[in-house]
Amino acid sequence: MGAVRSWFAGRDFIEVETAALQVSPGNEAHLHAFGTLLLSPDGTERQLYLRTSPEFACKKLLAAGERRIFDFARVFRNRERGALHHPEFTMLEWYRAEEPYTALMEDCIEIVAAAADAAGARQLTFRGMSIDPHSEPERLSVVEAFARHAGIDLLGSLPDGSPDRDRLARAAEAAGIRVAGDDRWGDVFSRILVERVEPHLGRERLTLLYEYPAVQSALARPKADDPRVAERFELYACGVELANGFGELTDAELQRRRLVEEMDLKAQVYGERYPIDEDFLAALAQMPPASGVALGFDRLVMLATGATRIEQVLWSPVPDAP
């Protein structure tokens, strides 16, 4: 952490420490939060949540006038446990006001190299894969990745920006990918990504996968010359997703519609929904154009130290059930 903090200090970033308890944990359909009750002295109750990300709080700070900020945030996600997932973990999140999201791509490349150097790691390693953290990354759009690794015309299933589920399903089935009758467009997209695209990412060098479909990017702004895709990227190393970055959406009304759509989907699939943070939406009206990225810091430490499970780099992991 010291090396990464020094990296930010050298670029005039301010470290912030945002609150873990929030009125809304975030509104992504497939993220699950830990809820809790705030009890007032008179015994009345108020529902709060442990955050799944510091994003809403950081954007409020941008709206208040901060320009470059970063947060080593402890975040909490339910229903997640595995080699790369833990219910509580450290998310490094940072923002640049009035700067393009491509600047964050360069940040990610430099931070990975700085972290590797601090750990004395000449290679990043995971499950038999090794890459040079200082090598020039592969840069690949999602559309290019689907065509190259799955033989699928992704934009063909987004003719006017709206998802054509059946068209993508037929293309997936033709490529030998199983599609269930109740799969939505997003389910099919994710299956293609996981089964055919991700296994090829970050294998010989870092991969920057960019321009995700706008319908898969609820918090990102649409690309100016093609609103079917969004200013969103993900960073991969050794097949592991390390970071997820956006050109931030600042249209409060569009943001509200997207969050409601996400919660409608969550209610349909999981039978629950989370409240929308109205203060966050109010802040968007005051927020300057900005870009932000979240990086799984524990995952980066894993790759720099050769760990095979996330618990190996946590001081006090949550015990497994007996």
# chains A, B, ... in the order shown; residues from 1 in each chain; ligands from 1
call {"tool": "closest_atom_pairs", "arguments": {"of": "range 44-79 of chain A", "to": "range 213-229 of chain A", "cutoff": "12 Å", "atoms": "only C-alpha atoms", "output": "Markdown table"}}
result
| residue | atom | partner | partner_atom | distance |
| --- | --- | --- | --- | --- |
| A:Glu55 | CA | A:Leu219 | CA | 9.8 |
| A:Phe56 | CA | A:Leu219 | CA | 10.3 |
| A:Lys59 | CA | A:Leu219 | CA | 11.3 |
call {"tool": "residues_around", "arguments": {"residues": "range 36-43 of chain A", "least_positions_apart": "3", "cutoff": "12 Å", "atoms": "only C-alpha atoms", "output": "number ranges by chain"}}
result
A: 20-25, 33, 46-51
call {"tool": "write_last_selection", "arguments": {"atoms": "N, CA and C atoms", "output": "mmCIF file, in the first residue's frame"}}
result
data_model
loop_
_atom_site.group_PDB
_atom_site.id
_atom_site.type_symbol
_atom_site.label_atom_id
_atom_site.label_comp_id
_atom_site.auth_asym_id
_atom_site.auth_seq_id
_atom_site.Cartn_x
_atom_site.Cartn_y
_atom_site.Cartn_z
ATOM 1 N N ALA A 20 -18.397 3.359 5.478
ATOM 2 C CA ALA A 20 -18.808 2.019 5.062
ATOM 3 C C ALA A 20 -20.315 1.851 5.139
ATOM 4 N N LEU A 21 -20.978 2.522 6.093
ATOM 5 C CA LEU A 21 -22.429 2.445 6.232
ATOM 6 C C LEU A 21 -23.081 3.450 5.284
ATOM 7 N N GLN A 22 -24.018 2.963 4.476
ATOM 8 C CA GLN A 22 -24.647 3.814 3.470
ATOM 9 C C GLN A 22 -26.150 3.555 3.426
ATOM 10 N N VAL A 23 -26.890 4.539 2.915
ATOM 11 C CA VAL A 23 -28.337 4.347 2.758
ATOM 12 C C VAL A 23 -28.633 3.388 1.610
ATOM 13 N N SER A 24 -27.715 3.301 0.646
ATOM 14 C CA SER A 24 -27.817 2.351 -0.455
ATOM 15 C C SER A 24 -26.449 1.723 -0.658
ATOM 16 N N PRO A 25 -26.392 0.403 -0.817
ATOM 17 C CA PRO A 25 -25.097 -0.245 -1.003
ATOM 18 C C PRO A 25 -24.591 -0.169 -2.427
ATOM 19 N N ALA A 33 -25.655 -7.224 -1.016
ATOM 20 C CA ALA A 33 -25.112 -6.454 0.104
ATOM 21 C C ALA A 33 -25.429 -7.111 1.442
ATOM 22 N N ARG A 46 -33.831 2.117 11.314
ATOM 23 C CA ARG A 46 -33.584 2.601 9.960
ATOM 24 C C ARG A 46 -32.695 1.589 9.244
ATOM 25 N N GLN A 47 -33.093 1.182 8.054
ATOM 26 C CA GLN A 47 -32.324 0.220 7.288
ATOM 27 C C GLN A 47 -31.101 0.894 6.672
ATOM 28 N N LEU A 48 -29.910 0.322 6.922
ATOM 29 C CA LEU A 48 -28.674 0.763 6.283
ATOM 30 C C LEU A 48 -27.969 -0.457 5.710
ATOM 31 N N TYR A 49 -26.914 -0.197 4.962
ATOM 32 C CA TYR A 49 -26.181 -1.274 4.306
ATOM 33 C C TYR A 49 -24.679 -1.033 4.395
ATOM 34 N N LEU A 50 -23.907 -2.111 4.402
ATOM 35 C CA LEU A 50 -22.475 -1.999 4.188
ATOM 36 C C LEU A 50 -22.250 -1.842 2.690
ATOM 37 N N ARG A 51 -21.435 -0.905 2.311
ATOM 38 C CA ARG A 51 -21.261 -0.570 0.899
ATOM 39 C C ARG A 51 -20.637 -1.730 0.118
#
call {"tool": "closest_residue", "arguments": {"among": "A:Ser190, A:Thr90, A:Ser291, A:Thr305", "to": "Ala169 in chain A", "atoms": "only C-alpha atoms"}}
result
A:Ser190
call {"tool": "residues_around", "arguments": {"residues": "Leu201 in chain A", "least_positions_apart": "6", "cutoff": "9 Å", "atoms": "only C-alpha atoms", "output": "PDB file with C-alpha atoms, in the first residue's frame"}}
result
ATOM      1  CA  GLU A 138      -2.895  -5.558 -25.210  1.00  0.00           C
ATOM      2  CA  THR A 207      -5.108  -6.724 -21.389  1.00  0.00           C
ATOM      3  CA  LEU A 208      -7.249  -3.596 -21.444  1.00  0.00           C
ATOM      4  CA  LEU A 209     -10.719  -4.581 -22.629  1.00  0.00           C
ATOM      5  CA  LEU A 235      -8.009  -4.644 -16.844  1.00  0.00           C
ATOM      6  CA  TYR A 236      -6.968  -8.307 -16.896  1.00  0.00           C
ATOM      7  CA  ALA A 237      -3.766 -10.004 -15.766  1.00  0.00           C
ATOM      8  CA  CYS A 238      -3.158 -13.776 -15.844  1.00  0.00           C
ATOM      9  CA  GLY A 239      -6.814 -14.263 -16.717  1.00  0.00           C
ATOM     10  CA  VAL A 240      -7.916 -12.331 -13.615  1.00  0.00           C
ATOM     11  CA  GLU A 241     -10.070  -9.220 -13.783  1.00  0.00           C
TER      12      GLU A 241
END
call {"tool": "select_by_dssp", "arguments": {"residues": "range 173-316 of chain A", "states": "strand (DSSP E)", "output": "JSON, numbers by chain"}}
result
{"A": [207, 208, 209, 210, 222, 223, 226, 227, 228, 229, 230, 232, 233, 234, 235, 236, 237, 240, 241, 242, 243, 244, 245, 246, 247, 290, 291, 292, 293, 294, 295, 296]}
call {"tool": "atom_distance", "arguments": {"atom1": "CA of Ala116 in chain A", "atom2": "CA of Ala83 in chain A"}}
result
20.3 Å
call {"tool": "select_by_dssp", "arguments": {"residues": "range 42-273 of chain A", "states": "helix (DSSP H, G or I)", "output": "NGL selection string"}}
result
:A and (55-63 or 101-118 or 142-150 or 155-157 or 165-174 or 185-200 or 214-216 or 252-270)
call {"tool": "write_last_selection", "arguments": {"atoms": "C-alpha atoms", "output": "tab-separated table (two decimals), in the first residue's frame"}}
result
chain	number	residue	atom	x	y	z
A	55	GLU	CA	-18.43	4.98	-5.65
A	56	PHE	CA	-21.48	6.98	-4.58
A	57	ALA	CA	-19.59	8.65	-1.71
A	58	CYS	CA	-16.60	9.51	-3.90
A	59	LYS	CA	-18.80	11.09	-6.54
A	60	LYS	CA	-20.40	13.28	-3.88
A	61	LEU	CA	-16.89	14.51	-3.07
A	62	LEU	CA	-16.27	15.31	-6.73
A	63	ALA	CA	-19.50	17.28	-6.75
A	101	TYR	CA	-11.17	7.59	-18.93
A	102	THR	CA	-8.19	6.68	-21.08
A	103	ALA	CA	-6.04	8.42	-18.44
A	104	LEU	CA	-7.19	5.78	-15.96
A	105	MET	CA	-6.01	3.03	-18.27
A	106	GLU	CA	-2.51	4.48	-18.08
A	107	ASP	CA	-2.87	4.83	-14.29
A	108	CYS	CA	-3.70	1.13	-14.02
A	109	ILE	CA	-0.66	0.11	-16.05
A	110	GLU	CA	1.64	2.20	-13.87
A	111	ILE	CA	0.08	1.08	-10.57
A	112	VAL	CA	0.41	-2.61	-11.47
A	113	ALA	CA	4.08	-2.07	-12.27
A	114	ALA	CA	4.65	-0.06	-9.06
A	115	ALA	CA	2.97	-2.74	-6.94
A	116	ALA	CA	5.02	-5.51	-8.57
A	117	ASP	CA	8.24	-3.57	-7.97
A	118	ALA	CA	7.33	-3.00	-4.33
A	142	VAL	CA	-15.25	-5.81	-26.50
A	143	VAL	CA	-16.59	-5.90	-30.06
A	144	GLU	CA	-13.18	-6.99	-31.36
A	145	ALA	CA	-12.82	-9.56	-28.57
A	146	PHE	CA	-16.20	-11.18	-29.33
A	147	ALA	CA	-15.36	-11.37	-33.02
A	148	ARG	CA	-11.84	-12.72	-32.45
A	149	HIS	CA	-12.47	-15.23	-29.69
A	150	ALA	CA	-16.11	-16.23	-30.21
A	155	LEU	CA	-23.14	-4.98	-32.32
A	156	GLY	CA	-25.42	-7.01	-34.56
A	157	SER	CA	-27.44	-7.80	-31.43
A	165	ARG	CA	-31.83	-11.25	-27.06
A	166	ASP	CA	-32.82	-13.79	-29.72
A	167	ARG	CA	-30.22	-12.62	-32.19
A	168	LEU	CA	-27.40	-12.90	-29.65
A	169	ALA	CA	-28.74	-16.25	-28.44
A	170	ARG	CA	-28.69	-17.67	-31.97
A	171	ALA	CA	-25.12	-16.46	-32.48
A	172	ALA	CA	-24.06	-17.99	-29.16
A	173	GLU	CA	-25.67	-21.33	-29.96
A	174	ALA	CA	-24.02	-21.34	-33.39
A	185	TRP	CA	-29.51	-10.69	-23.34
A	186	GLY	CA	-27.19	-9.85	-20.44
A	187	ASP	CA	-27.01	-13.51	-19.36
A	188	VAL	CA	-26.00	-14.59	-22.85
A	189	PHE	CA	-23.46	-11.76	-23.10
A	190	SER	CA	-21.89	-12.75	-19.78
A	191	ARG	CA	-21.70	-16.42	-20.73
A	192	ILE	CA	-19.93	-15.64	-23.99
A	193	LEU	CA	-17.55	-13.32	-22.15
A	194	VAL	CA	-16.73	-15.85	-19.44
A	195	GLU	CA	-16.52	-18.95	-21.60
A	196	ARG	CA	-14.91	-17.68	-24.80
A	197	VAL	CA	-13.32	-14.28	-24.21
A	198	GLU	CA	-11.91	-14.07	-20.68
A	199	PRO	CA	-9.75	-17.22	-20.99
A	200	HIS	CA	-7.69	-15.34	-23.60
A	214	ALA	CA	-23.97	0.57	-22.80
A	215	VAL	CA	-26.67	-1.81	-21.57
A	216	GLN	CA	-23.97	-3.52	-19.45
A	252	ALA	CA	-28.97	12.38	-13.28
A	253	GLU	CA	-32.23	11.48	-15.03
A	254	LEU	CA	-30.60	8.87	-17.24
A	255	GLN	CA	-28.76	7.54	-14.19
A	256	ARG	CA	-32.04	7.23	-12.28
A	257	ARG	CA	-33.63	5.27	-15.12
A	258	ARG	CA	-30.67	2.92	-15.30
A	259	LEU	CA	-30.64	2.31	-11.55
A	260	VAL	CA	-34.38	1.63	-11.53
A	261	GLU	CA	-33.92	-0.83	-14.40
A	262	GLU	CA	-31.16	-2.57	-12.45
A	263	MET	CA	-33.35	-2.84	-9.37
A	264	ASP	CA	-36.32	-4.07	-11.42
A	265	LEU	CA	-34.08	-6.84	-12.73
A	266	LYS	CA	-32.82	-7.61	-9.22
A	267	ALA	CA	-36.38	-7.87	-7.93
A	268	GLN	CA	-37.31	-10.17	-10.80
A	269	VAL	CA	-34.29	-12.48	-10.37
A	270	TYR	CA	-33.64	-12.37	-6.62
call {"tool": "residues_around", "arguments": {"residues": "Arg127 in chain A", "least_positions_apart": "3", "cutoff": "9 Å", "atoms": "only C-alpha atoms", "output": "VMD selection string"}}
result
chain A and resid 130 238 306 308
call {"tool": "decode", "arguments": {"residues": "range 169-221 of chain A", "atoms": "C-alpha atoms", "output": "PDB file, in the first residue's frame"}}
result
ATOM      1  CA  ALA A 169     -28.737 -16.247 -28.437  1.00  0.00           C
ATOM      2  CA  ARG A 170     -28.687 -17.666 -31.973  1.00  0.00           C
ATOM      3  CA  ALA A 171     -25.116 -16.458 -32.478  1.00  0.00           C
ATOM      4  CA  ALA A 172     -24.056 -17.987 -29.161  1.00  0.00           C
ATOM      5  CA  GLU A 173     -25.668 -21.332 -29.958  1.00  0.00           C
ATOM      6  CA  ALA A 174     -24.018 -21.341 -33.388  1.00  0.00           C
ATOM      7  CA  ALA A 175     -20.703 -20.896 -31.577  1.00  0.00           C
ATOM      8  CA  GLY A 176     -21.455 -23.907 -29.360  1.00  0.00           C
ATOM      9  CA  ILE A 177     -22.433 -21.962 -26.245  1.00  0.00           C
ATOM     10  CA  ARG A 178     -25.361 -23.219 -24.194  1.00  0.00           C
ATOM     11  CA  VAL A 179     -28.315 -20.821 -23.890  1.00  0.00           C
ATOM     12  CA  ALA A 180     -31.232 -21.414 -21.533  1.00  0.00           C
ATOM     13  CA  GLY A 181     -34.766 -20.495 -22.500  1.00  0.00           C
ATOM     14  CA  ASP A 182     -35.064 -17.896 -19.728  1.00  0.00           C
ATOM     15  CA  ASP A 183     -31.663 -16.303 -20.356  1.00  0.00           C
ATOM     16  CA  ARG A 184     -31.794 -12.551 -20.956  1.00  0.00           C
ATOM     17  CA  TRP A 185     -29.505 -10.690 -23.340  1.00  0.00           C
ATOM     18  CA  GLY A 186     -27.186  -9.854 -20.441  1.00  0.00           C
ATOM     19  CA  ASP A 187     -27.013 -13.509 -19.364  1.00  0.00           C
ATOM     20  CA  VAL A 188     -25.999 -14.591 -22.853  1.00  0.00           C
ATOM     21  CA  PHE A 189     -23.463 -11.758 -23.100  1.00  0.00           C
ATOM     22  CA  SER A 190     -21.894 -12.751 -19.780  1.00  0.00           C
ATOM     23  CA  ARG A 191     -21.703 -16.424 -20.731  1.00  0.00           C
ATOM     24  CA  ILE A 192     -19.926 -15.638 -23.990  1.00  0.00           C
ATOM     25  CA  LEU A 193     -17.545 -13.316 -22.154  1.00  0.00           C
ATOM     26  CA  VAL A 194     -16.732 -15.850 -19.438  1.00  0.00           C
ATOM     27  CA  GLU A 195     -16.518 -18.953 -21.604  1.00  0.00           C
ATOM     28  CA  ARG A 196     -14.911 -17.684 -24.796  1.00  0.00           C
ATOM     29  CA  VAL A 197     -13.322 -14.279 -24.208  1.00  0.00           C
ATOM     30  CA  GLU A 198     -11.914 -14.068 -20.680  1.00  0.00           C
ATOM     31  CA  PRO A 199      -9.754 -17.218 -20.989  1.00  0.00           C
ATOM     32  CA  HIS A 200      -7.693 -15.341 -23.601  1.00  0.00           C
ATOM     33  CA  LEU A 201      -7.228 -12.107 -21.630  1.00  0.00           C
ATOM     34  CA  GLY A 202      -4.060 -11.165 -19.788  1.00  0.00           C
ATOM     35  CA  ARG A 203      -2.333 -14.419 -20.675  1.00  0.00           C
ATOM     36  CA  GLU A 204       0.940 -13.086 -22.093  1.00  0.00           C
ATOM     37  CA  ARG A 205       0.656  -9.462 -20.983  1.00  0.00           C
ATOM     38  CA  LEU A 206      -1.888  -7.148 -19.403  1.00  0.00           C
ATOM     39  CA  THR A 207      -5.108  -6.724 -21.389  1.00  0.00           C
ATOM     40  CA  LEU A 208      -7.249  -3.596 -21.444  1.00  0.00           C
ATOM     41  CA  LEU A 209     -10.719  -4.581 -22.629  1.00  0.00           C
ATOM     42  CA  TYR A 210     -12.717  -1.452 -23.458  1.00  0.00           C
ATOM     43  CA  GLU A 211     -15.993  -0.085 -24.857  1.00  0.00           C
ATOM     44  CA  TYR A 212     -18.502  -2.393 -23.197  1.00  0.00           C
ATOM     45  CA  PRO A 213     -22.119  -2.342 -24.377  1.00  0.00           C
ATOM     46  CA  ALA A 214     -23.967   0.574 -22.797  1.00  0.00           C
ATOM     47  CA  VAL A 215     -26.674  -1.811 -21.565  1.00  0.00           C
ATOM     48  CA  GLN A 216     -23.971  -3.522 -19.453  1.00  0.00           C
ATOM     49  CA  SER A 217     -22.595  -0.243 -18.078  1.00  0.00           C
ATOM     50  CA  ALA A 218     -25.199   1.396 -15.843  1.00  0.00           C
ATOM     51  CA  LEU A 219     -22.828   3.962 -14.326  1.00  0.00           C
ATOM     52  CA  ALA A 220     -20.810   4.816 -17.451  1.00  0.00           C
ATOM     53  CA  ARG A 221     -21.501   7.485 -20.049  1.00  0.00           C
TER      54      ARG A 221
END
